[in-house]
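Shown below: start34.cif, with mmCIF, C-alpha atoms.
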data_query
#
loop_
_atom_site.label_atom_id
_atom_site.label_comp_id
_atom_site.auth_asym_id
_atom_site.auth_seq_id
_atom_site.Cartn_x
_atom_site.Cartn_y
_atom_site.Cartn_z
CA MET A 1 16.78 -48.95 2.34
CA ASN A 2 13.03 -49.24 1.60
CA TRP A 3 11.18 -47.38 -1.17
CA LYS A 4 9.72 -44.68 1.14
CA ILE A 5 13.14 -43.68 2.38
CA SER A 6 14.44 -43.67 -1.20
CA ILE A 7 11.66 -41.34 -2.42
CA THR A 8 12.25 -38.94 0.47
CA LEU A 9 15.97 -38.78 -0.25
CA THR A 10 15.25 -38.14 -3.96
CA ILE A 11 12.82 -35.28 -3.24
CA ASN A 12 15.19 -33.57 -0.83
CA LEU A 13 18.12 -34.04 -3.21
CA LEU A 14 16.19 -32.50 -6.10
CA TYR A 15 15.12 -29.59 -3.89
CA GLY A 16 18.71 -29.03 -2.85
CA ILE A 17 19.94 -29.02 -6.47
CA GLN A 18 17.16 -26.61 -7.46
CA SER A 19 17.98 -24.28 -4.54
CA VAL A 20 21.63 -24.07 -5.57
CA ALA A 21 20.62 -23.08 -9.12
CA GLN A 22 18.21 -20.36 -8.02
CA GLU A 23 19.07 -16.67 -7.83
CA VAL A 24 19.73 -15.43 -4.30
CA MET A 25 17.70 -12.26 -3.62
CA PRO A 26 18.43 -10.38 -0.39
CA LEU A 27 15.49 -8.67 1.27
CA LYS A 28 16.56 -5.20 0.09
CA ASP A 29 16.65 -6.39 -3.54
CA VAL A 30 13.16 -7.88 -3.26
CA ILE A 31 11.87 -4.60 -1.80
CA SER A 32 13.53 -2.56 -4.55
CA GLU A 33 12.09 -4.83 -7.25
CA ALA A 34 8.61 -4.61 -5.74
CA LEU A 35 8.70 -0.81 -5.42
CA ALA A 36 9.73 -0.61 -9.09
CA GLN A 37 7.36 -3.22 -10.56
CA ASN A 38 4.37 -3.61 -8.22
CA PHE A 39 1.03 -2.80 -9.88
CA ASP A 40 -0.47 -1.03 -6.86
CA ILE A 41 2.58 1.24 -6.71
CA ALA A 42 2.24 2.00 -10.44
CA ILE A 43 -1.45 2.86 -10.03
CA ALA A 44 -0.70 5.10 -7.03
CA SER A 45 2.03 6.87 -9.03
CA ASN A 46 -0.41 7.50 -11.88
CA ASN A 47 -2.98 8.92 -9.46
CA THR A 48 -0.31 11.22 -8.05
CA LEU A 49 0.54 12.37 -11.58
CA ILE A 50 -3.14 13.09 -12.25
CA ALA A 51 -3.33 15.21 -9.08
CA LYS A 52 -0.13 17.02 -10.09
CA ASN A 53 -1.59 17.85 -13.49
CA GLN A 54 -4.67 19.25 -11.75
CA ALA A 55 -2.66 21.46 -9.37
CA THR A 56 -2.41 24.50 -11.67
CA LYS A 57 -3.73 28.06 -11.53
CA ALA A 58 -5.68 27.39 -14.70
CA GLN A 59 -7.71 24.70 -12.87
CA ALA A 60 -8.30 27.16 -10.01
CA GLY A 61 -9.87 29.74 -12.34
CA TYR A 62 -7.03 32.27 -12.46
CA TYR A 63 -7.25 32.66 -16.23
CA PRO A 64 -10.10 33.61 -18.55
CA THR A 65 -11.75 31.17 -20.90
CA VAL A 66 -11.65 32.03 -24.60
CA SER A 67 -13.83 30.27 -27.13
CA LEU A 68 -14.65 30.44 -30.82
CA ASN A 69 -18.40 30.27 -31.46
CA GLY A 70 -20.59 29.93 -34.49
CA ASN A 71 -24.35 29.73 -35.13
CA ALA A 72 -26.77 29.13 -37.99
CA ASN A 73 -30.56 29.19 -37.76
CA TYR A 74 -33.39 28.70 -40.24
CA SER A 75 -37.17 28.95 -39.82
CA ILE A 76 -40.25 28.93 -42.09
CA ASN A 77 -43.66 30.04 -40.85
CA ASN A 78 -46.80 32.00 -41.67
CA THR A 79 -46.38 35.59 -40.47
CA ASN A 80 -49.01 38.31 -39.80
CA LEU A 81 -47.62 41.72 -38.74
CA LYS A 82 -49.59 44.78 -37.67
CA PHE A 83 -47.73 48.10 -37.24
CA ALA A 84 -48.55 51.29 -35.42
CA GLY A 85 -48.39 54.67 -37.12
CA GLY A 86 -50.55 53.83 -40.11
CA LEU A 87 -48.19 51.40 -41.75
CA PRO A 88 -49.96 48.72 -43.74
CA ASP A 89 -50.31 45.22 -42.31
CA VAL A 90 -48.09 42.47 -43.64
CA GLU A 91 -49.22 38.90 -44.05
CA VAL A 92 -46.83 36.37 -45.59
CA ASP A 93 -47.37 32.62 -45.83
CA GLY A 94 -44.18 30.48 -45.71
CA ALA A 95 -41.91 33.35 -44.67
CA GLN A 96 -38.32 32.10 -44.43
CA ASN A 97 -35.89 33.52 -41.86
CA THR A 98 -32.17 32.76 -41.73
CA SER A 99 -29.34 33.95 -39.52
CA LEU A 100 -25.60 33.25 -39.48
CA GLY A 101 -22.95 34.37 -37.04
CA SER A 102 -19.50 33.72 -35.65
CA ASN A 103 -17.51 35.31 -32.85
CA ILE A 104 -14.61 34.89 -30.48
CA GLY A 105 -15.58 35.42 -26.86
CA PHE A 106 -14.18 35.34 -23.36
CA ASN A 107 -15.40 34.90 -19.79
CA TYR A 108 -13.38 35.85 -16.73
CA VAL A 109 -14.19 35.91 -13.03
CA ILE A 110 -12.44 39.04 -11.78
CA PHE A 111 -13.29 38.57 -8.11
CA ASN A 112 -15.13 35.81 -6.25
CA GLY A 113 -14.41 36.50 -2.62
CA PHE A 114 -10.74 35.52 -2.88
CA GLY A 115 -11.93 31.99 -3.72
CA LYS A 116 -9.20 31.42 -6.31
CA VAL A 117 -6.43 31.37 -3.71
CA PRO A 118 -7.83 28.61 -1.45
CA THR A 119 -9.01 26.69 -4.51
CA TYR A 120 -5.48 26.65 -5.91
CA GLN A 121 -4.10 25.73 -2.48
CA ASN A 122 -6.60 22.87 -2.23
CA LEU A 123 -5.40 21.52 -5.57
CA MET A 124 -1.82 21.67 -4.30
CA PHE A 125 -2.82 19.94 -1.06
CA SER A 126 -4.69 17.28 -3.04
CA HIS A 127 -1.51 16.61 -4.98
CA LYS A 128 0.43 16.29 -1.73
CA LEU A 129 -2.32 14.09 -0.31
CA ASN A 130 -1.94 11.69 -3.25
CA GLU A 131 1.83 11.63 -2.66
CA VAL A 132 1.35 10.69 0.99
CA GLN A 133 -1.27 8.09 0.07
CA ALA A 134 1.21 6.62 -2.41
CA GLN A 135 3.78 6.61 0.42
CA VAL A 136 1.34 4.69 2.64
CA ILE A 137 0.77 2.13 -0.13
CA ALA A 138 4.53 1.74 -0.56
CA GLU A 139 5.04 1.34 3.19
CA ASN A 140 2.31 -1.32 3.35
CA LEU A 141 3.98 -3.10 0.45
CA VAL A 142 7.38 -3.07 2.16
CA LEU A 143 5.93 -4.52 5.36
CA ASP A 144 4.00 -7.14 3.37
CA ILE A 145 7.20 -8.10 1.54
CA LEU A 146 9.05 -8.21 4.86
CA ASN A 147 6.53 -10.56 6.48
CA LYS A 148 6.41 -12.91 3.51
CA TYR A 149 10.19 -12.89 3.05
CA LEU A 150 10.74 -13.65 6.74
CA ASP A 151 8.14 -16.43 6.54
CA ILE A 152 10.16 -18.00 3.73
CA GLN A 153 13.38 -17.65 5.72
CA GLU A 154 11.71 -19.14 8.77
CA ASN A 155 10.44 -22.09 6.77
CA CYS A 156 13.85 -22.60 5.14
CA LEU A 157 15.51 -22.69 8.55
CA ASN A 158 12.74 -24.93 9.85
CA LEU A 159 13.38 -27.15 6.84
CA GLU A 160 16.97 -27.62 7.97
CA ALA A 161 15.78 -28.63 11.43
CA ALA A 162 13.05 -30.85 9.96
CA ASN A 163 15.58 -32.57 7.68
CA SER A 164 17.80 -33.13 10.71
CA ASN A 165 14.89 -34.76 12.53
CA LEU A 166 14.11 -36.81 9.44
CA SER A 167 17.72 -37.99 9.29
CA ILE A 168 17.55 -39.13 12.91
CA SER A 169 14.20 -40.85 12.29
CA ARG A 170 15.58 -42.54 9.18
CA ASP A 171 18.58 -43.81 11.15
CA ARG A 172 16.31 -45.10 13.89
CA LEU A 173 14.03 -46.86 11.34
CA GLN A 174 17.03 -48.50 9.71
CA ARG A 175 18.37 -49.61 13.11
CA ALA A 176 14.98 -50.93 14.19
CA THR A 177 14.50 -52.80 10.90
CA LEU A 178 17.98 -54.33 11.16
CA GLY A 179 17.44 -55.15 14.84
CA ASN A 180 14.14 -56.84 14.05
CA LYS A 181 15.88 -59.04 11.49
CA ASN A 182 18.52 -59.92 14.09
CA GLY A 183 15.91 -60.60 16.76
CA VAL A 184 16.93 -57.78 19.13
CA LYS A 185 14.03 -55.47 18.17
CA THR A 186 10.34 -56.24 18.07
CA LYS A 187 7.95 -55.52 15.21
CA LEU A 188 6.39 -52.87 17.45
CA ASP A 189 9.73 -51.03 17.53
CA VAL A 190 9.79 -51.04 13.73
CA LEU A 191 6.18 -49.79 13.46
CA SER A 192 6.83 -47.02 16.01
CA ALA A 193 9.96 -45.94 14.14
CA GLN A 194 8.03 -45.98 10.85
CA VAL A 195 5.31 -43.73 12.31
CA ASP A 196 7.87 -41.17 13.52
CA PHE A 197 9.65 -41.30 10.18
CA ASN A 198 6.39 -40.73 8.29
CA ASN A 199 5.48 -37.79 10.52
CA ASP A 200 8.90 -36.19 10.06
CA ASN A 201 8.70 -36.84 6.32
CA LEU A 202 5.28 -35.16 6.15
CA GLN A 203 6.66 -32.20 8.08
CA VAL A 204 9.41 -31.77 5.48
CA GLN A 205 6.96 -31.96 2.57
CA THR A 206 4.59 -29.49 4.26
CA ILE A 207 7.40 -26.97 4.74
CA LEU A 208 8.48 -27.36 1.09
CA THR A 209 4.90 -26.69 -0.07
CA ASN A 210 4.62 -23.61 2.16
CA ILE A 211 7.90 -22.24 0.81
CA SER A 212 6.69 -22.68 -2.76
CA LYS A 213 3.41 -20.85 -2.07
CA GLN A 214 5.12 -18.05 -0.15
CA LYS A 215 7.63 -17.49 -2.94
CA ALA A 216 4.74 -17.26 -5.42
CA SER A 217 3.17 -14.52 -3.27
CA VAL A 218 6.44 -12.58 -3.17
CA ASN A 219 6.82 -12.92 -6.94
CA ILE A 220 3.35 -11.45 -7.43
CA LEU A 221 4.24 -8.47 -5.24
CA MET A 222 7.33 -7.96 -7.42
CA GLY A 223 5.14 -8.00 -10.55
CA ARG A 224 6.64 -11.31 -11.69
CA GLU A 225 5.17 -14.67 -12.66
CA PRO A 226 4.40 -16.75 -9.53
CA GLY A 227 6.68 -19.58 -10.62
CA ASN A 228 9.85 -17.49 -11.03
CA PRO A 229 12.58 -19.19 -8.97
CA PHE A 230 14.68 -17.37 -6.38
CA ARG A 231 16.29 -18.03 -3.01
CA THR A 232 16.21 -15.95 0.13
CA SER A 233 19.29 -15.16 2.19
CA GLU A 234 20.30 -18.06 4.41
CA THR A 235 20.61 -15.94 7.55
CA ILE A 236 18.22 -13.58 9.30
CA GLU A 237 20.16 -10.40 9.92
CA VAL A 238 19.20 -8.98 13.32
CA PRO A 239 19.58 -5.17 13.32
CA ALA A 240 21.55 -3.33 15.96
CA ASP A 241 19.82 -2.06 19.07
CA LEU A 242 17.55 0.87 18.24
CA LYS A 243 17.60 4.16 20.12
CA ILE A 244 13.85 4.49 20.07
CA SER A 245 13.73 7.40 22.50
CA SER A 246 15.72 9.58 20.07
CA ILE A 247 13.39 9.30 17.06
CA GLU A 248 10.21 10.82 18.51
CA ASP A 249 10.78 14.24 16.91
CA GLN A 250 11.48 12.59 13.55
CA ALA A 251 8.32 10.49 13.84
CA LEU A 252 6.14 13.49 14.70
CA GLU A 253 7.47 15.25 11.62
CA ASN A 254 7.65 12.49 8.97
CA ASN A 255 5.16 9.79 9.95
CA SER A 256 2.60 9.25 7.18
CA THR A 257 -0.32 9.33 9.63
CA ILE A 258 0.86 12.72 10.89
CA LEU A 259 1.28 13.99 7.32
CA LEU A 260 -2.23 12.89 6.40
CA ALA A 261 -3.67 14.59 9.49
CA GLN A 262 -1.79 17.80 8.68
CA LEU A 263 -3.07 17.79 5.09
CA SER A 264 -6.60 17.18 6.35
CA GLN A 265 -6.16 20.17 8.64
CA SER A 266 -4.94 22.35 5.76
CA LEU A 267 -7.85 21.30 3.55
CA ALA A 268 -10.32 22.07 6.34
CA THR A 269 -8.74 25.51 6.82
CA ASN A 270 -9.04 26.27 3.12
CA GLN A 271 -12.62 25.03 3.02
CA SER A 272 -13.45 27.43 5.84
CA LYS A 273 -11.90 30.33 3.88
CA MET A 274 -13.82 29.37 0.74
CA THR A 275 -17.08 29.23 2.69
CA GLU A 276 -16.45 32.67 4.19
CA GLY A 277 -15.72 34.02 0.72
CA ILE A 278 -19.23 33.14 -0.45
CA ARG A 279 -20.49 36.15 1.54
CA LEU A 280 -18.51 38.50 -0.69
CA PRO A 281 -19.68 39.71 -4.13
CA THR A 282 -18.67 38.03 -7.36
CA LEU A 283 -17.55 40.21 -10.27
CA SER A 284 -17.18 38.66 -13.70
CA ALA A 285 -16.53 40.00 -17.20
CA SER A 286 -17.60 38.59 -20.54
CA GLY A 287 -17.45 39.75 -24.11
CA TYR A 288 -17.13 38.74 -27.72
CA TYR A 289 -16.10 40.12 -31.07
CA GLY A 290 -17.92 38.76 -34.07
CA TYR A 291 -20.14 39.01 -37.11
CA ASN A 292 -23.87 38.28 -37.38
CA THR A 293 -26.23 38.47 -40.36
CA SER A 294 -29.93 37.68 -40.65
CA GLN A 295 -32.50 37.55 -43.49
CA ASN A 296 -36.22 37.94 -42.73
CA GLY A 297 -38.97 36.77 -45.04
CA ALA A 298 -41.49 39.22 -43.57
CA GLY A 299 -41.38 42.57 -41.81
CA ILE A 300 -39.93 46.00 -42.30
CA ILE A 301 -36.29 44.97 -41.79
CA LEU A 302 -35.60 42.27 -44.36
CA SER A 303 -31.85 41.88 -43.64
CA GLN A 304 -29.41 42.98 -40.97
CA SER A 305 -25.63 42.58 -40.45
CA ASN A 306 -23.48 43.40 -37.40
CA LEU A 307 -19.69 43.36 -36.95
CA GLY A 308 -18.03 44.45 -33.71
CA PHE A 309 -17.49 43.98 -30.01
CA ASN A 310 -20.02 43.32 -27.29
CA GLY A 311 -19.06 43.00 -23.63
CA GLY A 312 -20.10 43.70 -20.06
CA LEU A 313 -19.58 43.22 -16.33
CA THR A 314 -21.77 41.24 -13.95
CA LEU A 315 -21.84 41.83 -10.20
CA SER A 316 -23.56 39.35 -7.91
CA MET A 317 -23.98 39.79 -4.15
CA PRO A 318 -25.64 37.12 -1.97
CA ILE A 319 -28.24 38.61 0.40
CA PHE A 320 -30.31 35.71 1.66
CA ASN A 321 -30.39 32.00 0.87
CA GLY A 322 -32.36 30.50 3.72
CA ASN A 323 -29.46 30.47 6.18
CA GLN A 324 -27.60 27.95 4.01
CA LEU A 325 -24.48 30.11 4.11
CA SER A 326 -24.44 30.54 7.88
CA THR A 327 -24.96 26.78 8.35
CA ALA A 328 -22.13 26.03 5.93
CA MET A 329 -19.83 28.40 7.83
CA LYS A 330 -20.68 26.78 11.17
CA ASN A 331 -20.04 23.29 9.78
CA ALA A 332 -16.75 24.44 8.21
CA ASP A 333 -15.59 25.69 11.63
CA ILE A 334 -16.58 22.37 13.23
CA SER A 335 -14.71 20.44 10.51
CA LEU A 336 -11.65 22.59 11.16
CA LEU A 337 -11.88 21.83 14.88
CA ASN A 338 -12.18 18.10 14.11
CA SER A 339 -9.05 18.25 11.94
CA ASP A 340 -7.14 19.83 14.83
CA LEU A 341 -8.34 17.06 17.14
CA GLU A 342 -7.38 14.38 14.59
CA LEU A 343 -3.87 15.80 14.40
CA GLU A 344 -3.45 15.78 18.18
CA LYS A 345 -4.88 12.25 18.30
CA ALA A 346 -2.37 11.10 15.65
CA LYS A 347 0.54 12.62 17.59
CA LEU A 348 -0.54 10.89 20.79
CA ALA A 349 -0.91 7.57 18.95
CA ILE A 350 2.65 7.89 17.59
CA LYS A 351 4.01 8.52 21.08
CA ASN A 352 2.14 5.47 22.36
CA GLN A 353 3.48 3.29 19.53
CA LEU A 354 7.04 4.38 20.33
CA TYR A 355 6.48 3.73 24.04
CA ALA A 356 5.20 0.21 23.30
CA ALA A 357 8.03 -0.39 20.83
CA GLN A 358 10.60 0.50 23.49
CA ALA A 359 9.11 -2.07 25.87
CA ASP A 360 8.88 -4.71 23.13
CA ASN A 361 12.47 -4.06 22.06
CA GLU A 362 13.85 -4.72 25.53
CA LEU A 363 11.79 -7.91 25.87
CA LEU A 364 12.69 -9.23 22.42
CA LEU A 365 16.41 -8.67 22.87
CA LYS A 366 16.31 -10.52 26.20
CA ASN A 367 14.32 -13.32 24.57
CA LEU A 368 16.87 -13.53 21.75
CA GLU A 369 19.70 -13.88 24.24
CA LEU A 370 17.92 -16.67 26.16
CA GLN A 371 16.94 -18.56 23.00
CA GLU A 372 20.56 -18.61 21.81
CA GLU A 373 21.52 -20.07 25.18
CA ASN A 374 18.73 -22.67 24.87
CA ILE A 375 20.09 -23.74 21.46
CA ALA A 376 23.50 -24.44 22.95
CA LEU A 377 22.00 -26.41 25.83
CA ALA A 378 19.61 -28.41 23.60
CA SER A 379 22.40 -29.22 21.11
CA THR A 380 24.62 -30.57 23.87
CA ALA A 381 21.73 -32.59 25.28
CA LEU A 382 20.94 -34.13 21.88
CA GLU A 383 24.58 -35.10 21.25
CA ARG A 384 24.71 -36.91 24.59
CA ALA A 385 21.30 -38.50 24.00
CA GLN A 386 22.42 -39.87 20.60
CA GLN A 387 25.56 -41.36 22.16
CA SER A 388 23.55 -42.90 25.01
CA TYR A 389 20.94 -44.25 22.59
CA ASN A 390 23.60 -45.81 20.36
CA ASN A 391 25.12 -47.39 23.45
CA GLY A 392 21.72 -48.72 24.53
CA GLN A 393 21.66 -46.62 27.71
CA ILE A 394 18.37 -44.77 26.98
CA SER A 395 15.18 -45.53 25.07
CA TYR A 396 14.19 -43.94 21.81
CA ASN A 397 11.54 -41.92 23.63
CA ASP A 398 14.30 -40.16 25.53
CA LEU A 399 16.20 -39.53 22.28
CA ARG A 400 13.04 -38.27 20.61
CA ALA A 401 12.43 -35.87 23.50
CA ALA A 402 15.95 -34.44 23.17
CA GLN A 403 15.47 -34.21 19.43
CA LEU A 404 12.20 -32.30 19.79
CA ASN A 405 13.69 -30.01 22.43
CA LEU A 406 16.37 -28.89 19.97
CA PHE A 407 13.80 -28.50 17.21
CA ILE A 408 11.63 -26.31 19.44
CA ALA A 409 14.65 -24.28 20.54
CA GLN A 410 15.73 -23.72 16.94
CA ASN A 411 12.24 -22.62 15.94
CA SER A 412 12.04 -20.33 18.96
CA LEU A 413 15.35 -18.70 18.06
CA VAL A 414 14.23 -18.16 14.47
CA GLN A 415 10.97 -16.64 15.67
CA ALA A 416 12.83 -14.41 18.14
CA LYS A 417 15.05 -13.08 15.35
CA ILE A 418 12.05 -12.53 13.10
CA ASN A 419 10.22 -10.59 15.81
CA VAL A 420 13.25 -8.31 16.29
CA VAL A 421 13.47 -7.65 12.53
CA LYS A 422 9.73 -6.94 12.30
CA LEU A 423 9.98 -4.52 15.22
CA TYR A 424 12.89 -2.74 13.52
CA TYR A 425 10.90 -2.20 10.33
CA THR A 426 7.80 -1.18 12.30
CA ILE A 427 9.81 1.48 14.12
CA SER A 428 11.29 2.62 10.81
CA ARG A 429 7.77 3.13 9.50
CA ILE A 430 6.71 5.02 12.62
CA SER A 431 9.69 7.35 12.17
CA GLY A 432 8.82 7.91 8.50
CA GLY A 433 12.09 6.42 7.31
CA LEU A 434 10.93 3.04 6.01
CA LEU A 435 11.35 3.99 2.35
CA ASN A 436 14.72 5.70 2.77
#
What does the file become when written as structure tokens?
Amino acid sequence: MNWKISITLTINLLYGIQSVAQEVMPLKDVISEALAQNFDIAIASNNTLIAKNQATKAQAGYYPTVSLNGNANYSINNTNLKFAGGLPDVEVDGAQNTSLGSNIGFNYVIFNGFGKVPTYQNLMFSHKLNEVQAQVIAENLVLDILNKYLDIQENCLNLEAANSNLSISRDRLQRATLGNKNGVKTKLDVLSAQVDFNNDNLQVQTILTNISKQKASVNILMGREPGNPFRTSETIEVPADLKISSIEDQALENNSTILLAQLSQSLATNQSKMTEGIRLPTLSASGYYGYNTSQNGAGIILSQSNLGFNGGLTLSMPIFNGNQLSTAMKNADISLLNSDLELEKAKLAIKNQLYAAQADNELLLKNLELQEENIALASTALERAQQSYNNGQISYNDLRAAQLNLFIAQNSLVQAKINVVKLYYTISRISGGLLN
């Protein structure tokens, strides 16, 4: 055994020992960990909490504002006063004036064209919008986890096939080397066997590197250090056949795209109501109870103090503002129409996705069945080719072709299973049940 073969065996042995020691994490556990620890999910949850805190009647202006106020003023100036009625003039240089006051006051909008109701509803809809946006982020995360997890599984299964090819290439290199020593194989046979062995060895090392990088990406999505070790499940579980035709109603009710379109429609409706309300008068009340005192350095009234209540009502009615209001109302109606169109567009897109998924499902299941049959045929062909090669009945090129045929069939089967799993999760997202 030469040094290259020895190094390859050592690397694969160490990888195998490390894999046994690593924690096995099924796909559902990885998804649960990511949903609990992912930073984007945490940020989306915080944004939803902010929107929830905003969705109150206080933020919509249902309640008055009450404030405690205080003031203090001082001035010094030259004053010259002339009075009617024969009173003597007053001229004071450096007259000092002071005033102090404090009060508790309130302001309250009694009526503003029913604007409080749609404003409060908009705050509620904004909260719901943040919830749906957080749902979209979570769904994207689940699908990202799924793709990366399946890539790892695919590479792990490809690693098994690549190691099998490497084992065959190693055996051939050893046979060619021994045959060359015995004079039954040429140096060219040894060099050709070495090239195939090196290529298969490189394929193994490439797959190992890809697995390491893909695991790091999954760890990051779970909020963990990239080097944290874990193993994926050894098998790709293919879900049962989906009854796609039966989930259309569920998709039209729970799909996140539909929910976003419905919320956009509700917000547009409320905006139209708020715009119409601008035409109505606004009635507001304000008042305060407090104490004020002032000292004057010049004039007839040298000091004054007040203690009591002061309040009033203000009525405002828009009459003309350069057609800004009518333009705003027209645009609000157009926006409402657009939101209706967006909702219908979203519903049609969901139906199209389900229609395409039904066609893909039938094709993928048929492909899966044929690939499993190809594996059986390629395995039988390789067994016979190895026997014939060992008996000297066929060349190594024929053995290599049978070996590659099995490798391709194995990869095709893995890819077929992966495509079925991806379709299953895609349909689950369309139906709105991906996070359930």
ask   = Any chance you could work out the residue set of the PyMOL selection byres ((chain A and resi 219) around 12) here, as JSON, numbers by chain?
value = {"A": [25, 30, 31, 33, 34, 37, 38, 145, 148, 149, 212, 213, 214, 215, 216, 217, 218, 220, 221, 222, 223, 224, 225, 226, 227, 228, 229, 230, 231]}
task = Quote the spacing between CA of Ile168 in chain A and CA of Ala193 in chain A in Å to one decimal place.
result =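 Separating CA of Ile168 in chain A from CA of Ala193 in chain A is a distance of 10.3 Å.
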request  = Using all atoms listed in the file, determine which residues lie at most 9 Å from range 277-293 of chain A, disregarding the query and same-chain residues fewer than 2 positions distant; provide the list as a ChimeraX atom specification.
outcome  = /A:69,71,98-115,272-275,295,303-319,325
Would you save the residues of that selection, restricted to C-alpha atoms, as a short mmCIF file (atom, residue, chain, number, x, y, z; two decimals), in the coordinates of the input?
data_model
loop_
_atom_site.label_atom_id
_atom_site.label_comp_id
_atom_site.auth_asym_id
_atom_site.auth_seq_id
_atom_site.Cartn_x
_atom_site.Cartn_y
_atom_site.Cartn_z
CA ASN A 69 -18.40 30.27 -31.46
CA ASN A 71 -24.35 29.73 -35.13
CA THR A 98 -32.17 32.76 -41.73
CA SER A 99 -29.34 33.95 -39.52
CA LEU A 100 -25.60 33.25 -39.48
CA GLY A 101 -22.95 34.37 -37.04
CA SER A 102 -19.50 33.72 -35.65
CA ASN A 103 -17.51 35.31 -32.85
CA ILE A 104 -14.61 34.89 -30.48
CA GLY A 105 -15.58 35.42 -26.86
CA PHE A 106 -14.18 35.34 -23.36
CA ASN A 107 -15.40 34.90 -19.79
CA TYR A 108 -13.38 35.85 -16.73
CA VAL A 109 -14.19 35.91 -13.03
CA ILE A 110 -12.44 39.04 -11.78
CA PHE A 111 -13.29 38.57 -8.11
CA ASN A 112 -15.13 35.81 -6.25
CA GLY A 113 -14.41 36.50 -2.62
CA PHE A 114 -10.74 35.52 -2.88
CA GLY A 115 -11.93 31.99 -3.72
CA SER A 272 -13.45 27.43 5.84
CA LYS A 273 -11.90 30.33 3.88
CA MET A 274 -13.82 29.37 0.74
CA THR A 275 -17.08 29.23 2.69
CA GLN A 295 -32.50 37.55 -43.49
CA SER A 303 -31.85 41.88 -43.64
CA GLN A 304 -29.41 42.98 -40.97
CA SER A 305 -25.63 42.58 -40.45
CA ASN A 306 -23.48 43.40 -37.40
CA LEU A 307 -19.69 43.36 -36.95
CA GLY A 308 -18.03 44.45 -33.71
CA PHE A 309 -17.49 43.98 -30.01
CA ASN A 310 -20.02 43.32 -27.29
CA GLY A 311 -19.06 43.00 -23.63
CA GLY A 312 -20.10 43.70 -20.06
CA LEU A 313 -19.58 43.22 -16.33
CA THR A 314 -21.77 41.24 -13.95
CA LEU A 315 -21.84 41.83 -10.20
CA SER A 316 -23.56 39.35 -7.91
CA MET A 317 -23.98 39.79 -4.15
CA PRO A 318 -25.64 37.12 -1.97
CA ILE A 319 -28.24 38.61 0.40
CA LEU A 325 -24.48 30.11 4.11
#
Env of Asn338 in chain A: 12 Å cut, atoms = all atoms listed in the file, seq-sep filter 3 positions within chain, self excluded. Answer as a PDB file with C-alpha atoms, in the frame of the given file.
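Here's the written file selection.pdb:
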ATOM      1  CA  ALA A 261      -3.670  14.590   9.490  1.00  0.00           C
ATOM      2  CA  GLN A 262      -1.790  17.800   8.680  1.00  0.00           C
ATOM      3  CA  SER A 264      -6.600  17.180   6.350  1.00  0.00           C
ATOM      4  CA  GLN A 265      -6.160  20.170   8.640  1.00  0.00           C
ATOM      5  CA  SER A 266      -4.940  22.350   5.760  1.00  0.00           C
ATOM      6  CA  LEU A 267      -7.850  21.300   3.550  1.00  0.00           C
ATOM      7  CA  ALA A 268     -10.320  22.070   6.340  1.00  0.00           C
ATOM      8  CA  THR A 269      -8.740  25.510   6.820  1.00  0.00           C
ATOM      9  CA  ASN A 331     -20.040  23.290   9.780  1.00  0.00           C
ATOM     10  CA  ALA A 332     -16.750  24.440   8.210  1.00  0.00           C
ATOM     11  CA  ASP A 333     -15.590  25.690  11.630  1.00  0.00           C
ATOM     12  CA  ILE A 334     -16.580  22.370  13.230  1.00  0.00           C
ATOM     13  CA  SER A 335     -14.710  20.440  10.510  1.00  0.00           C
ATOM     14  CA  LEU A 341      -8.340  17.060  17.140  1.00  0.00           C
ATOM     15  CA  GLU A 342      -7.380  14.380  14.590  1.00  0.00           C
ATOM     16  CA  LEU A 343      -3.870  15.800  14.400  1.00  0.00           C
ATOM     17  CA  GLU A 344      -3.450  15.780  18.180  1.00  0.00           C
ATOM     18  CA  LYS A 345      -4.880  12.250  18.300  1.00  0.00           C
TER      19      LYS A 345
END
ask   = If you measure from CA of Gln133 in chain A to CA of Gln250 in chain A, what distance in Å do you get, rounded to one decimal?
value =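 One can read the CA of Gln133 in chain A to CA of Gln250 in chain A distance as 19.1 Å.
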